[in-house]
$ cat work_7.cif   # mmCIF, C-alpha atoms
data_model
loop_
_atom_site.group_PDB
_atom_site.id
_atom_site.type_symbol
_atom_site.label_atom_id
_atom_site.label_comp_id
_atom_site.auth_asym_id
_atom_site.auth_seq_id
_atom_site.Cartn_x
_atom_site.Cartn_y
_atom_site.Cartn_z
ATOM 1 C CA PRO A 28 79.310 74.891 101.669
ATOM 2 C CA PRO A 29 81.906 75.708 98.983
ATOM 3 C CA PRO A 30 84.733 73.169 98.479
ATOM 4 C CA ASN A 31 87.297 75.555 99.976
ATOM 5 C CA ALA A 32 85.177 76.306 103.054
ATOM 6 C CA TRP A 33 87.786 74.599 105.259
ATOM 7 C CA ALA A 34 90.264 77.361 104.477
ATOM 8 C CA THR A 35 88.141 80.410 103.680
ATOM 9 C CA VAL A 36 85.205 80.423 106.097
ATOM 10 C CA TRP A 37 85.821 82.186 109.394
ATOM 11 C CA HIS A 38 83.687 83.922 112.016
ATOM 12 C CA THR A 39 85.482 84.989 115.181
ATOM 13 C CA ASP A 40 83.938 83.702 118.390
ATOM 14 C CA TRP A 41 85.459 86.242 120.741
ATOM 15 C CA LEU A 42 84.607 84.390 123.943
ATOM 16 C CA TRP A 43 86.321 81.118 123.021
ATOM 17 C CA LEU A 44 89.161 82.999 121.346
ATOM 18 C CA ALA A 45 89.733 84.882 124.621
ATOM 19 C CA VAL A 46 89.634 81.628 126.628
ATOM 20 C CA ALA A 47 92.220 80.046 124.337
ATOM 21 C CA ALA A 48 94.429 83.160 124.366
ATOM 22 C CA VAL A 49 94.418 83.333 128.181
ATOM 23 C CA ALA A 50 95.177 79.607 128.468
ATOM 24 C CA VAL A 51 98.146 79.882 126.091
ATOM 25 C CA PHE A 52 99.420 83.108 127.694
ATOM 26 C CA VAL A 53 99.336 81.711 131.249
ATOM 27 C CA TYR A 54 100.977 78.446 130.204
ATOM 28 C CA ALA A 55 103.717 80.287 128.284
ATOM 29 C CA ARG A 56 104.312 82.583 131.260
ATOM 30 C CA TRP A 57 104.793 79.632 133.599
ATOM 31 C CA PHE A 58 107.026 77.956 131.016
ATOM 32 C CA ILE A 59 109.253 81.047 130.815
ATOM 33 C CA ARG A 60 109.320 81.349 134.613
ATOM 34 C CA LEU A 61 110.660 77.805 134.965
ATOM 35 C CA ARG A 62 113.248 78.305 132.252
ATOM 36 C CA ARG A 63 114.500 81.566 133.784
ATOM 37 C CA ARG A 64 115.103 79.978 137.165
ATOM 38 C CA GLY A 65 116.997 77.104 135.561
ATOM 39 C CA ASP A 66 114.315 74.417 135.742
ATOM 40 C CA ASN A 67 113.621 72.269 132.738
ATOM 41 C CA TRP A 68 110.253 72.013 131.043
ATOM 42 C CA PRO A 69 110.140 70.362 127.607
ATOM 43 C CA ALA A 70 109.349 72.704 124.744
ATOM 44 C CA TRP A 71 107.303 69.977 123.044
ATOM 45 C CA GLN A 72 104.765 70.180 125.868
ATOM 46 C CA LEU A 73 104.366 73.911 125.276
ATOM 47 C CA LEU A 74 103.917 73.145 121.590
ATOM 48 C CA CYS A 75 101.235 70.534 122.356
ATOM 49 C CA TRP A 76 99.359 73.022 124.518
ATOM 50 C CA VAL A 77 99.453 75.731 121.833
ATOM 51 C CA LEU A 78 98.390 73.299 119.080
ATOM 52 C CA GLY A 79 95.504 72.013 121.194
ATOM 53 C CA TRP A 80 94.054 75.468 121.672
ATOM 54 C CA ALA A 81 94.723 76.333 118.023
ATOM 55 C CA VAL A 82 92.625 73.342 116.944
ATOM 56 C CA PHE A 83 89.941 74.393 119.424
ATOM 57 C CA VAL A 84 89.832 77.951 118.063
ATOM 58 C CA TYR A 85 89.580 76.640 114.510
ATOM 59 C CA ALA A 86 86.734 74.307 115.503
ATOM 60 C CA MET A 87 84.897 77.242 117.062
ATOM 61 C CA CYS A 88 85.644 79.977 114.519
ATOM 62 C CA GLY A 89 86.396 78.105 111.289
ATOM 63 C CA ALA A 90 84.095 76.183 108.995
ATOM 64 C CA PRO A 91 83.075 73.576 111.631
ATOM 65 C CA GLY A 92 81.939 76.304 114.012
ATOM 66 C CA VAL A 93 80.159 78.343 111.326
ATOM 67 C CA TYR A 94 78.350 75.561 109.482
ATOM 68 C CA GLY A 95 77.980 73.496 112.652
ATOM 69 C CA ARG A 96 75.138 75.785 113.683
ATOM 70 C CA ILE A 97 73.005 74.851 110.681
ATOM 71 C CA LEU A 98 74.275 71.470 109.400
ATOM 72 C CA PHE A 99 74.348 68.332 111.547
ATOM 73 C CA SER A 100 77.357 66.929 109.679
ATOM 74 C CA TRP A 101 79.522 69.972 110.334
ATOM 75 C CA HIS A 102 78.269 70.103 113.902
ATOM 76 C CA MET A 103 79.554 66.541 114.352
ATOM 77 C CA ILE A 104 82.962 67.535 112.958
ATOM 78 C CA MET A 105 83.108 70.338 115.502
ATOM 79 C CA HIS A 106 82.026 67.954 118.268
ATOM 80 C CA MET A 107 84.609 65.297 117.402
ATOM 81 C CA ALA A 108 87.371 67.887 117.098
ATOM 82 C CA VAL A 109 86.681 69.404 120.517
ATOM 83 C CA ALA A 110 85.954 66.185 122.423
ATOM 84 C CA MET A 111 88.474 63.791 120.852
ATOM 85 C CA ILE A 112 91.229 65.690 119.005
ATOM 86 C CA VAL A 113 91.846 68.769 121.155
ATOM 87 C CA PRO A 114 92.425 66.728 124.373
ATOM 88 C CA LEU A 115 95.082 64.656 122.580
ATOM 89 C CA PHE A 116 97.178 67.835 122.489
ATOM 90 C CA LEU A 117 96.142 69.464 125.779
ATOM 91 C CA VAL A 118 96.569 66.482 128.112
ATOM 92 C CA PRO A 119 100.270 65.820 127.245
ATOM 93 C CA GLY A 120 100.894 69.476 128.046
ATOM 94 C CA ALA A 121 100.476 68.530 131.741
ATOM 95 C CA PRO A 122 99.150 71.942 132.878
ATOM 96 C CA ILE A 123 98.587 70.852 136.485
ATOM 97 C CA THR A 124 102.194 69.720 136.896
ATOM 98 C CA LEU A 125 103.412 72.957 135.339
ATOM 99 C CA LEU A 126 101.209 74.999 137.683
ATOM 100 C CA LEU A 127 102.479 73.171 140.765
ATOM 101 C CA ARG A 128 106.094 73.711 139.718
ATOM 102 C CA ALA A 129 105.726 77.315 138.597
ATOM 103 C CA LEU A 130 103.670 78.735 141.476
ATOM 104 C CA PRO A 131 105.213 78.891 144.972
ATOM 105 C CA ALA A 132 103.340 77.670 148.024
ATOM 106 C CA ARG A 133 101.795 80.430 150.144
ATOM 107 C CA ARG A 134 103.521 80.850 153.491
ATOM 108 C CA ASP A 135 100.569 82.557 155.157
ATOM 109 C CA LYS A 136 98.491 79.353 154.895
ATOM 110 C CA THR A 137 95.883 81.052 152.696
ATOM 111 C CA TRP A 138 94.510 79.450 149.561
ATOM 112 C CA GLY A 139 95.958 80.441 146.233
ATOM 113 C CA PRO A 140 95.793 78.737 142.812
ATOM 114 C CA ARG A 141 98.413 76.183 143.847
ATOM 115 C CA GLU A 142 96.687 75.233 147.087
ATOM 116 C CA PHE A 143 93.273 75.032 145.440
ATOM 117 C CA THR A 144 94.664 72.797 142.683
ATOM 118 C CA LEU A 145 96.227 70.420 145.203
ATOM 119 C CA VAL A 146 92.933 70.109 147.065
ATOM 120 C CA LEU A 147 91.070 69.542 143.804
ATOM 121 C CA VAL A 148 93.311 66.811 142.389
ATOM 122 C CA HIS A 149 93.127 64.865 145.661
ATOM 123 C CA SER A 150 89.423 65.449 146.311
ATOM 124 C CA ARG A 151 86.772 62.744 146.581
ATOM 125 C CA VAL A 152 84.859 64.263 143.678
ATOM 126 C CA LEU A 153 87.792 63.912 141.319
ATOM 127 C CA ARG A 154 88.536 60.456 142.706
ATOM 128 C CA VAL A 155 85.077 59.395 141.565
ATOM 129 C CA LEU A 156 85.079 61.285 138.266
ATOM 130 C CA ALA A 157 88.571 60.055 137.377
ATOM 131 C CA ASN A 158 87.610 56.428 137.854
ATOM 132 C CA PRO A 159 88.070 55.079 134.303
ATOM 133 C CA VAL A 160 84.714 53.269 134.318
ATOM 134 C CA VAL A 161 82.858 56.373 135.536
ATOM 135 C CA THR A 162 84.691 58.623 133.098
ATOM 136 C CA ALA A 163 83.980 56.323 130.161
ATOM 137 C CA ALA A 164 80.303 56.104 131.142
ATOM 138 C CA ILE A 165 79.992 59.890 131.377
ATOM 139 C CA PHE A 166 81.842 60.314 128.084
ATOM 140 C CA PHE A 167 79.463 58.031 126.180
ATOM 141 C CA PHE A 168 76.109 58.316 127.944
ATOM 142 C CA SER A 169 76.231 62.108 128.090
ATOM 143 C CA LEU A 170 76.874 62.000 124.342
ATOM 144 C CA ALA A 171 73.821 59.830 123.731
ATOM 145 C CA ALA A 172 71.676 61.770 126.178
ATOM 146 C CA PHE A 173 72.607 65.055 124.546
ATOM 147 C CA TYR A 174 71.558 64.116 121.024
ATOM 148 C CA TRP A 175 68.460 62.093 121.863
ATOM 149 C CA THR A 176 66.947 64.678 124.191
ATOM 150 C CA PRO A 177 65.825 68.305 123.729
ATOM 151 C CA LEU A 178 69.322 69.398 124.806
ATOM 152 C CA PHE A 179 70.528 69.183 121.209
ATOM 153 C CA GLU A 180 67.875 71.577 119.963
ATOM 154 C CA LEU A 181 68.507 73.862 122.942
ATOM 155 C CA ALA A 182 72.193 74.050 122.002
ATOM 156 C CA LEU A 183 71.274 74.896 118.405
ATOM 157 C CA THR A 184 68.739 77.583 119.233
ATOM 158 C CA THR A 185 70.284 79.380 122.242
ATOM 159 C CA HIS A 186 73.712 80.907 122.758
ATOM 160 C CA THR A 187 73.887 79.757 126.389
ATOM 161 C CA GLY A 188 73.045 76.208 125.357
ATOM 162 C CA HIS A 189 75.759 76.321 122.717
ATOM 163 C CA LEU A 190 78.364 77.528 125.220
ATOM 164 C CA LEU A 191 77.428 74.886 127.787
ATOM 165 C CA MET A 192 77.509 72.211 125.096
ATOM 166 C CA MET A 193 81.041 73.091 123.989
ATOM 167 C CA ALA A 194 82.290 73.373 127.574
ATOM 168 C CA HIS A 195 80.842 69.933 128.302
ATOM 169 C CA PHE A 196 82.398 68.380 125.196
ATOM 170 C CA LEU A 197 85.810 69.828 126.042
ATOM 171 C CA LEU A 198 85.709 68.908 129.739
ATOM 172 C CA THR A 199 84.466 65.327 129.316
ATOM 173 C CA GLY A 200 86.904 64.716 126.465
ATOM 174 C CA TYR A 201 89.787 66.116 128.501
ATOM 175 C CA ILE A 202 89.016 64.013 131.591
ATOM 176 C CA PHE A 203 88.559 60.854 129.507
ATOM 177 C CA THR A 204 91.903 61.406 127.776
ATOM 178 C CA TRP A 205 93.618 62.387 131.036
ATOM 179 C CA VAL A 206 92.492 59.179 132.730
ATOM 180 C CA LEU A 207 93.995 57.163 129.874
ATOM 181 C CA ILE A 208 97.292 58.927 129.125
ATOM 182 C CA GLY A 209 97.587 61.839 131.576
ATOM 183 C CA ILE A 210 100.833 62.465 133.456
ATOM 184 C CA ASP A 211 99.502 65.099 135.847
ATOM 185 C CA PRO A 212 99.155 64.149 139.536
ATOM 186 C CA GLY A 213 95.812 62.946 140.763
ATOM 187 C CA VAL A 214 94.175 59.649 141.479
ATOM 188 C CA GLN A 215 95.955 56.328 141.210
ATOM 189 C CA ARG A 216 96.275 55.054 137.663
ATOM 190 C CA TRP A 217 94.803 51.758 136.574
ATOM 191 C CA SER A 218 96.876 49.134 134.816
ATOM 192 C CA PRO A 219 97.440 49.751 131.089
ATOM 193 C CA LEU A 220 95.650 46.495 130.258
ATOM 194 C CA MET A 221 92.472 47.615 132.026
ATOM 195 C CA LEU A 222 92.715 51.042 130.402
ATOM 196 C CA LEU A 223 92.908 49.429 126.961
ATOM 197 C CA VAL A 224 89.854 47.300 127.761
ATOM 198 C CA ILE A 225 87.893 50.388 128.841
ATOM 199 C CA LEU A 226 89.091 52.339 125.809
ATOM 200 C CA PHE A 227 87.956 49.724 123.315
ATOM 201 C CA ALA A 228 84.672 49.187 125.155
ATOM 202 C CA THR A 229 83.987 52.932 125.001
ATOM 203 C CA ILE A 230 84.801 53.193 121.321
ATOM 204 C CA SER A 231 82.529 50.228 120.646
ATOM 205 C CA PHE A 232 79.644 52.159 122.195
ATOM 206 C CA HIS A 233 80.780 55.214 120.241
ATOM 207 C CA ALA A 234 80.653 53.221 117.002
ATOM 208 C CA PHE A 235 77.173 52.031 117.936
ATOM 209 C CA PHE A 236 76.158 55.673 118.347
ATOM 210 C CA GLY A 237 77.472 56.467 114.861
ATOM 211 C CA VAL A 238 75.673 53.492 113.334
ATOM 212 C CA ALA A 239 72.442 54.446 115.100
ATOM 213 C CA LEU A 240 72.626 57.929 113.583
ATOM 214 C CA THR A 241 73.477 56.558 110.161
ATOM 215 C CA ASP A 242 70.510 54.157 110.145
ATOM 216 C CA SER A 243 68.055 56.495 111.872
ATOM 217 C CA THR A 244 64.738 57.331 110.266
ATOM 218 C CA THR A 245 63.736 60.014 112.775
ATOM 219 C CA LEU A 246 65.224 63.475 112.454
ATOM 220 C CA LEU A 247 66.798 64.801 115.646
ATOM 221 C CA ALA A 248 66.022 68.413 116.590
ATOM 222 C CA GLU A 249 63.337 68.244 113.895
ATOM 223 C CA PRO A 250 61.614 71.587 114.676
ATOM 224 C CA PHE A 251 64.911 73.452 114.254
ATOM 225 C CA PHE A 252 66.057 71.808 111.008
ATOM 226 C CA THR A 253 62.550 71.830 109.503
ATOM 227 C CA GLN A 254 62.060 75.516 110.220
ATOM 228 C CA LEU A 255 65.569 76.286 108.940
ATOM 229 C CA ASN A 256 64.655 74.745 105.557
ATOM 230 C CA LEU A 257 67.969 75.410 103.787
ATOM 231 C CA PRO A 258 67.535 75.879 100.015
ATOM 232 C CA TRP A 259 70.839 74.106 99.332
ATOM 233 C CA GLY A 260 72.671 71.017 100.477
ATOM 234 C CA PRO A 261 71.327 67.584 101.431
ATOM 235 C CA SER A 262 68.060 66.991 103.208
ATOM 236 C CA PRO A 263 68.251 67.200 107.028
ATOM 237 C CA LEU A 264 67.870 63.422 107.380
ATOM 238 C CA GLU A 265 70.587 62.722 104.794
ATOM 239 C CA ASP A 266 72.836 65.176 106.577
ATOM 240 C CA GLN A 267 72.096 63.397 109.866
ATOM 241 C CA HIS A 268 73.219 60.115 108.282
ATOM 242 C CA THR A 269 76.443 61.829 107.191
ATOM 243 C CA ALA A 270 76.906 63.030 110.774
ATOM 244 C CA GLY A 271 76.656 59.435 111.969
ATOM 245 C CA GLU A 272 79.319 58.358 109.466
ATOM 246 C CA ILE A 273 81.558 61.167 110.686
ATOM 247 C CA ALA A 274 81.041 60.188 114.331
ATOM 248 C CA TRP A 275 81.964 56.624 113.482
ATOM 249 C CA GLY A 276 84.881 57.417 111.164
ATOM 250 C CA ILE A 277 86.598 60.284 112.997
ATOM 251 C CA GLY A 278 86.358 58.507 116.335
ATOM 252 C CA GLU A 279 88.560 55.648 115.107
ATOM 253 C CA VAL A 280 91.708 57.718 114.559
ATOM 254 C CA PRO A 281 91.930 59.361 118.039
ATOM 255 C CA THR A 282 91.135 55.974 119.582
ATOM 256 C CA LEU A 283 94.009 54.344 117.716
ATOM 257 C CA ILE A 284 96.342 57.128 118.848
ATOM 258 C CA LEU A 285 95.185 56.738 122.456
ATOM 259 C CA ALA A 286 95.692 52.969 122.284
ATOM 260 C CA ILE A 287 99.228 53.429 120.935
ATOM 261 C CA ILE A 288 100.102 55.932 123.670
ATOM 262 C CA VAL A 289 98.730 53.634 126.399
ATOM 263 C CA ALA A 290 100.739 50.729 124.956
ATOM 264 C CA VAL A 291 103.915 52.835 124.817
ATOM 265 C CA GLN A 292 103.393 53.960 128.414
ATOM 266 C CA TRP A 293 102.904 50.309 129.359
ATOM 267 C CA ILE A 294 106.228 49.352 127.768
ATOM 268 C CA ARG A 295 107.994 52.295 129.397
ATOM 269 C CA SER A 296 106.554 51.493 132.828
ATOM 270 C CA ASP A 297 107.788 47.893 132.534
ATOM 271 C CA ALA A 298 111.223 49.116 131.466
ATOM 272 C CA ASN A 299 111.353 51.625 134.337
ATOM 273 C CA GLU A 300 110.264 48.953 136.810
ATOM 274 C CA SER A 301 112.990 46.601 135.567
ATOM 275 C CA ALA A 302 115.561 49.385 135.820
ATOM 276 C CA ARG A 303 114.399 50.146 139.364
ATOM 277 C CA PHE A 304 114.841 46.525 140.415
ATOM 278 C CA ASP A 305 118.275 46.457 138.800
ATOM 279 C CA ARG A 306 119.368 49.564 140.719
ATOM 280 C CA LYS A 307 118.022 48.096 143.954
ATOM 281 C CA ALA A 308 119.885 44.852 143.298
ATOM 282 C CA ASP A 309 123.107 46.785 142.708
ATOM 283 C CA ARG A 310 122.691 48.649 145.995
ATOM 284 C CA ASP A 311 121.918 45.668 148.233
ATOM 285 C CA GLY A 312 123.822 42.964 146.398
ATOM 286 C CA ASP A 313 120.606 41.444 145.039
ATOM 287 C CA ALA A 314 119.412 40.659 148.555
ATOM 288 C CA GLU A 315 115.885 39.887 147.383
ATOM 289 C CA LEU A 316 117.057 37.210 144.952
ATOM 290 C CA THR A 317 119.448 35.798 147.557
ATOM 291 C CA ALA A 318 116.659 35.577 150.115
ATOM 292 C CA TYR A 319 114.403 33.860 147.587
ATOM 293 C CA ASN A 320 117.091 31.331 146.696
ATOM 294 C CA ALA A 321 117.668 30.648 150.398
ATOM 295 C CA TYR A 322 113.939 30.081 150.816
ATOM 296 C CA LEU A 323 113.952 27.558 147.977
ATOM 297 C CA ALA A 324 116.989 25.835 149.520
ATOM 298 C CA ARG A 325 115.194 25.494 152.858
ATOM 299 C CA LEU A 326 112.188 23.990 151.130
ATOM 300 C CA ARG A 327 114.433 21.508 149.355
ATOM 301 C CA GLU A 328 116.193 20.545 152.607
ATOM 302 C CA HIS A 329 112.797 20.063 154.230
ATOM 303 C CA ASP A 330 111.665 17.790 151.411
ATOM 304 C CA ILE A 331 114.894 15.780 151.634
ATOM 305 C CA SER A 332 114.531 15.372 155.371
ATOM 306 C CA LEU A 333 110.988 14.106 154.917
ATOM 307 C CA GLU A 334 112.131 11.585 152.318
ATOM 308 C CA ALA A 335 114.984 10.344 154.593
ATOM 309 C CA ALA A 336 112.775 9.965 157.683
ATOM 310 C CA PRO A 337 111.918 6.323 158.551
ATOM 311 C CA VAL A 338 108.392 5.251 157.727
ATOM 312 C CA PRO A 339 106.451 4.388 160.922
ATOM 313 C CA THR A 340 105.245 0.768 161.192
#

$ encode --input "work_7.cif" --output "structure tokens"
Amino acid sequence: PPPNAWATVWHTDWLWLAVAAVAVFVYARWFIRLRRRGDNWPAWQLLCWVLGWAVFVYAMCGAPGVYGRILFSWHMIMHMAVAMIVPLFLVPGAPITLLLRALPARRDKTWGPREFTLVLVHSRVLRVLANPVVTAAIFFFSLAAFYWTPLFELALTTHTGHLLMMAHFLLTGYIFTWVLIGIDPGVQRWSPLMLLVILFATISFHAFFGVALTDSTTLLAEPFFTQLNLPWGPSPLEDQHTAGEIAWGIGEVPTLILAIIVAVQWIRSDANESARFDRKADRDGDAELTAYNAYLARLREHDISLEAAPVPT
């Protein structure tokens, strides 16, 4: 590819462009609806949502999407962008919360988008999928299974396979990010410490995946790349090694950002919890502390009475 391919190469993927346009239009419509009725919805969340879909469209239609169909290295850039960068913008947009606030409940007891969403976020299926351990396992093992099975070649040689691949990357990346830093309603959140442990364990496996590609001696999707036989660029195996380096290198930055956000949320939750206890103490005259001090006093009186009791002979 030419050095300026990042800025000059473009091929419109009308399907994904339409998906992104509809997602931005619906979100903006709900945003305007809330603002018009006097409810507040931060503009930065709208901006995050728009930027997320803009990055997605670029990954699909720009150089990563164009060269990603013939070069493993560019395919990995597209993969990392969709699975690890796009969700960093979409998840803070909190689309489920916006939907629940913007759409009224149906009075005729029928199911609309709001009712269906409420059932979905509290369903058993989502409760299982949103378990951080399950989500992390799906995020990594589906990645490994995709590249080391015929699925990779299927995605390169068929349009349906390509579409399913990108939908899978986006969905698994979104759920993984949502479990870690999401603010939308759903299943109960795990403690920030456990989330950090799961995050670093997942990225360790992800780094192992990158190293395995970098050191590999067997070409993945060999029939496709061999038949393609590009007259320019690196050999398919050298390009595969570059893809491994990209998977390893690009994955570090989103992980660091996720870790920082989880840590910040941890600090904020502690501060909010302290503020809540302070407000409760102001309302009830610190009854909890008074009761605890009285309990300690009773224990002390009991110990004193035991010490003063005569020793039986």

$ atom_distance --input "work_7.cif" --atom1 "atom CA of A:Leu207" --atom2 "atom CA of A:Leu222"
6.3 Å

$ closest_residue --input "work_7.cif" --among "A:Thr124, A:Met107, A:Leu98, A:Trp43" --to "A:Val84" --atoms "only C-alpha atoms"
A:Trp43

$ axis_aligned_box --input "work_7.cif" --around "stretch 143-146 of chain A" --padding-each-side "4 Å" --output "AutoDock Vina command-line options"
--center_x 94.6 --center_y 72.6 --center_z 144.9 --size_x 11.3 --size_y 12.9 --size_z 12.4

$ resolve_selection --input "work_7.cif" --expression "the PyMOL selection byres ((chain A and resi 237-251) around 9)" --output "PyMOL selection string"
chain A and resi 97+174-181+183-184+232-236+252-256+263-265+267-276

$ residues_around --input "work_7.cif" --residues "A:Cys88" --least-positions-apart "5" --cutoff "8 Å" --atoms "only C-alpha atoms" --output "list in words"
Trp37, His38, Thr39, Asp40 and Val93 of chain A

$ resolve_selection --input "work_7.cif" --expression "the PyMOL selection byres ((chain A and resi 288) around 12)" --output "short mmCIF file (atom, residue, chain, number, x, y, z; two decimals) with C-alpha atoms, in the frame of the given file"
data_model
loop_
_atom_site.label_atom_id
_atom_site.label_comp_id
_atom_site.auth_asym_id
_atom_site.auth_seq_id
_atom_site.Cartn_x
_atom_site.Cartn_y
_atom_site.Cartn_z
CA LEU A 115 95.08 64.66 122.58
CA VAL A 118 96.57 66.48 128.11
CA PRO A 119 100.27 65.82 127.24
CA THR A 204 91.90 61.41 127.78
CA TRP A 205 93.62 62.39 131.04
CA LEU A 207 94.00 57.16 129.87
CA ILE A 208 97.29 58.93 129.12
CA GLY A 209 97.59 61.84 131.58
CA ILE A 210 100.83 62.46 133.46
CA PRO A 219 97.44 49.75 131.09
CA LEU A 222 92.72 51.04 130.40
CA LEU A 223 92.91 49.43 126.96
CA LEU A 226 89.09 52.34 125.81
CA PRO A 281 91.93 59.36 118.04
CA THR A 282 91.14 55.97 119.58
CA LEU A 283 94.01 54.34 117.72
CA ILE A 284 96.34 57.13 118.85
CA LEU A 285 95.18 56.74 122.46
CA ALA A 286 95.69 52.97 122.28
CA ILE A 287 99.23 53.43 120.94
CA VAL A 289 98.73 53.63 126.40
CA ALA A 290 100.74 50.73 124.96
CA VAL A 291 103.92 52.84 124.82
CA GLN A 292 103.39 53.96 128.41
CA TRP A 293 102.90 50.31 129.36
CA ILE A 294 106.23 49.35 127.77
CA ARG A 295 107.99 52.30 129.40
#

$ atom_distance --input "work_7.cif" --atom1 "atom CA of A:Val146" --atom2 "atom CA of A:Trp57"
20.3 Å

$ atom_distance --input "work_7.cif" --atom1 "atom CA of A:Leu257" --atom2 "atom CA of A:Met87"
21.6 Å

$ decode --input "work_7.cif" --residues "stretch 143-184 of chain A" --atoms "C-alpha atoms" --output "compact mmCIF listing (two decimals), in the first residue's frame"
# COMPACT_ATOMS: atom_id res chain seq x y z
CA PHE A 143 -38.14 -5.70 24.97
CA THR A 144 -34.96 -3.97 26.16
CA LEU A 145 -35.98 -4.29 29.80
CA VAL A 146 -36.64 -8.01 29.37
CA LEU A 147 -33.32 -8.45 27.58
CA VAL A 148 -31.11 -6.67 30.12
CA HIS A 149 -32.62 -8.70 32.96
CA SER A 150 -32.72 -12.03 31.13
CA ARG A 151 -30.89 -15.19 32.17
CA VAL A 152 -29.02 -15.25 28.88
CA LEU A 153 -27.52 -11.83 29.45
CA ARG A 154 -26.86 -12.70 33.09
CA VAL A 155 -24.65 -15.53 31.88
CA LEU A 156 -23.04 -13.66 28.98
CA ALA A 157 -22.35 -10.60 31.13
CA ASN A 158 -20.52 -12.62 33.75
CA PRO A 159 -17.00 -11.14 33.48
CA VAL A 160 -15.32 -14.56 33.41
CA VAL A 161 -17.66 -15.83 30.66
CA THR A 162 -17.32 -12.62 28.67
CA ALA A 163 -13.53 -12.66 28.90
CA ALA A 164 -13.45 -16.33 27.84
CA ILE A 165 -15.69 -15.66 24.84
CA PHE A 166 -13.65 -12.58 23.92
CA PHE A 167 -10.36 -14.50 23.82
CA PHE A 168 -11.26 -18.06 22.85
CA SER A 169 -13.52 -16.98 20.00
CA LEU A 170 -10.57 -14.92 18.76
CA ALA A 171 -8.25 -17.92 18.83
CA ALA A 172 -10.87 -20.26 17.40
CA PHE A 173 -11.57 -17.88 14.54
CA TYR A 174 -8.00 -17.61 13.29
CA TRP A 175 -6.92 -21.20 13.85
CA THR A 176 -9.93 -22.77 12.15
CA PRO A 177 -11.35 -22.56 8.60
CA LEU A 178 -13.54 -19.66 9.77
CA PHE A 179 -10.77 -17.20 8.94
CA GLU A 180 -10.56 -18.34 5.34
CA LEU A 181 -14.36 -18.38 5.11
CA ALA A 182 -14.46 -14.74 6.21
CA LEU A 183 -11.85 -13.84 3.59
CA THR A 184 -13.50 -15.65 0.70
